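Let me begin by presenting the structure, written as structure tokens, before commenting on it.
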There are 2 protein chains.
Amino acid sequence: MNATDDPATAAPGLRERKKLATREAVRAATVRLTEQHGIGDVTVEMIARAADVSVRTFFNHFPSKEEAVLDVVRTRAAVLIEEFRRRPPEEPLLDAVREAALTVIDRDDALGRVHLVALRLVRDTPTLRAHEMAVLAEQEAALAGAITVRLGVDPASDTRSVVAAAAALSTLRIALDRWLARPDGDLRGTGAVRSGLAAEIDDAFAALVHMVERP
Amino acid sequence: MNATDDPATAAPGLRERKKLATREAVRAATVRLTEQHGIGDVTVEMIARAADVSVRTFFNHFPSKEEAVLDVVRTRAAVLIEEFRRRPPEEPLLDAVREAALTVIDRDDALGRVHLVALRLVRDTPTLRAHEMAVLAEQEAALAGAITVRLGVDPASDTRSVVAAAAALSTLRIALDRWLARPDGDLRGTGAVRSGLAAEIDDAFAALVHMVERP
DNA sequence: AGGCAACGATGCACGACGTGCAGCGAATAT
DNA sequence: ATATTCGCTGCACGTCGTGCATCGTTGCCT
């Protein structure tokens, strides 16, 4: 056990850093090769060679190539929920979701490029979209839990939270898709990215409200 | 070519019927074995033996065991959209979706038992849930198209239809899940099934409206 | 009826996937 | 300095999914 600090805030240590490094190398190689050849024509062996690790090591970090690409999505979704939890409780639900999403954008805006490529891959490749939906389904439960806390209702047998979580995530997904479809909104400065995506989110949420209010 | 009739309404012919029969046998065997051992501990070879076909034949009908189970979901979703298309255009959107869903229930209520088991399996098995989400993502596009037609708007660059489709399917999925969670609502008469599910659907849609209107 | 074309079922081969297991060597704790 | 933890690696093995050639049945045509 580390003598200096709590494990969460502690300096990662060399071992940990190396581990993270290889994981990153594997992830990057997967995204790059998938971008070049399409996920179907990439073998794990190719990825391993490109990342300069053994095949076995690849599987030590990810259960499949798809998951390696999806790692971005999973992380983003987790962060989104985390941010949502710290929004002020008096804020309207949809606003809280919206702001949480924008905060996520601001956070890894600097990472940018690689993430964008991965997100586009997920958006355009059927196999990856399928896996994305699976990830979102997992996070739907987590978000629903957070909403029950926010509303102060009984976690079990509460329909509202689950429906709200599902609707919110679906809407955000569509907004992100639409934004990714923009031909130019690639490597803008931070401000442009945020405002561009914010516009799409507003648009999508407006559509949701419109559907309910105007049958 | 069949001399008597249009191919769609024509008598299927022996070949076709045999094909359907084996497909059904395979599907049934998959569901049954999965129910017994869990999808993880079932091999395609086991299924093939149980259905009395070759392994190769299995893959001629389904690309994986998961898809064999998911076949129910895929069919139901397709029928749902078909029914939605024939709802009167002046009907409110959510009502149309609701009625279409109920019509689907009425349709294969008689098939009942096997379908219920399959749906429960999908609901409880992570792997199958993931595949379900993938199927729903496909159907989301189809439903969005149908909504586009209904609203008479431009299919491209219309956010409302996609958002509406996603929200509707998510809500229906949750309603179905909740209904499947009922311990007793298994093999009731037609009326009970319909009303039971109808109640869940109303509940879920109400939750959706509630979320939007009461932030 | 008889022969020909269409088509589903089958077996075979092969590459890829994913996991359990054991050994090695570097990082870390004592 | 020594013991221990832990990530990386190679190996073996069962399973998956597909292309290909073949066989037998069904359906169509004259």
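We label chains A, B, ... in the order they appear in the structure tokens, count residues from 1 in each chain, and number ligands from 1 in the order shown.
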
Sorted by chain and rising residue number, list the residues of chain B at most 10 Å from chain D (counting only C-alpha atoms (C1' of nucleotides)), each with its closest atom pair and distance in Å to one decimal, as JSON lines.
{"residue": "B:Met1", "atom": "CA", "partner": "D:DC28", "partner_atom": "C1'", "distance": 8.1}
{"residue": "B:Asn2", "atom": "CA", "partner": "D:DC28", "partner_atom": "C1'", "distance": 9.3}
{"residue": "B:Gly13", "atom": "CA", "partner": "D:DG27", "partner_atom": "C1'", "distance": 8.9}
{"residue": "B:Leu14", "atom": "CA", "partner": "D:DT26", "partner_atom": "C1'", "distance": 7.3}
{"residue": "B:Arg15", "atom": "CA", "partner": "D:DT26", "partner_atom": "C1'", "distance": 6.1}
{"residue": "B:Glu16", "atom": "CA", "partner": "D:DT26", "partner_atom": "C1'", "distance": 9.6}
{"residue": "B:Thr43", "atom": "CA", "partner": "D:DT15", "partner_atom": "C1'", "distance": 7.6}
{"residue": "B:Val44", "atom": "CA", "partner": "D:DT15", "partner_atom": "C1'", "distance": 8.6}
{"residue": "B:Glu45", "atom": "CA", "partner": "D:DT15", "partner_atom": "C1'", "distance": 9.5}
{"residue": "B:Arg56", "atom": "CA", "partner": "D:DG17", "partner_atom": "C1'", "distance": 9.6}
{"residue": "B:Phe59", "atom": "CA", "partner": "D:DG17", "partner_atom": "C1'", "distance": 7.8}
{"residue": "B:Pro63", "atom": "CA", "partner": "D:DG17", "partner_atom": "C1'", "distance": 7.5}
{"residue": "B:Ser64", "atom": "CA", "partner": "D:DG17", "partner_atom": "C1'", "distance": 8.2}

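Set the cut-off at 8 Å, count only C-alpha atoms (C1' of nucleotides), and the residues of chain C near chain B turn out to be DG8, DA9 and DT10 of chain C.
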
Interface rows for chain A against chain B: nearest pair, Å to one decimal, 8 Å, only C-alpha atoms, as CSV:
residue,atom,partner,partner_atom,distance
A:Pro92,CA,B:Pro215,CA,4.6
A:Leu93,CA,B:Pro215,CA,5.3
A:Leu94,CA,B:Pro215,CA,6.8
A:Arg129,CA,B:Ala134,CA,7.3
A:Ala130,CA,B:Ala134,CA,4.4
A:His131,CA,B:Ala130,CA,7.1
A:Met133,CA,B:Met133,CA,5.6
A:Ala134,CA,B:Ala130,CA,4.4
A:Val135,CA,B:Ala130,CA,8.0
A:Ala137,CA,B:Met133,CA,7.4
A:Thr159,CA,B:Ala204,CA,6.4
A:Arg160,CA,B:Ala207,CA,4.8
A:Val162,CA,B:Ile174,CA,7.6
A:Val163,CA,B:Thr171,CA,6.1
A:Ala164,CA,B:Met211,CA,6.4
A:Ala166,CA,B:Ser170,CA,6.2
A:Ala167,CA,B:Ala167,CA,5.3
A:Ser170,CA,B:Ala166,CA,6.2
A:Thr171,CA,B:Val163,CA,6.1
A:Ile174,CA,B:Val163,CA,7.0
A:Asp203,CA,B:Thr159,CA,7.5
A:Ala204,CA,B:Thr159,CA,6.4
A:Ala207,CA,B:Arg160,CA,4.8
A:Leu208,CA,B:Val163,CA,6.2
A:Val209,CA,B:Val212,CA,6.0
A:His210,CA,B:Arg160,CA,7.9
A:Met211,CA,B:Ala164,CA,6.4
A:Val212,CA,B:Val209,CA,6.0
A:Pro215,CA,B:Pro92,CA,4.6

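A straight line drawn from atom CA of A:Ala181 to atom CA of A:Arg123 is 9.2 Å long.
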
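We find atom CA of B:Gly40 and atom CA of A:Gly145 to be spaced 28.2 Å apart.
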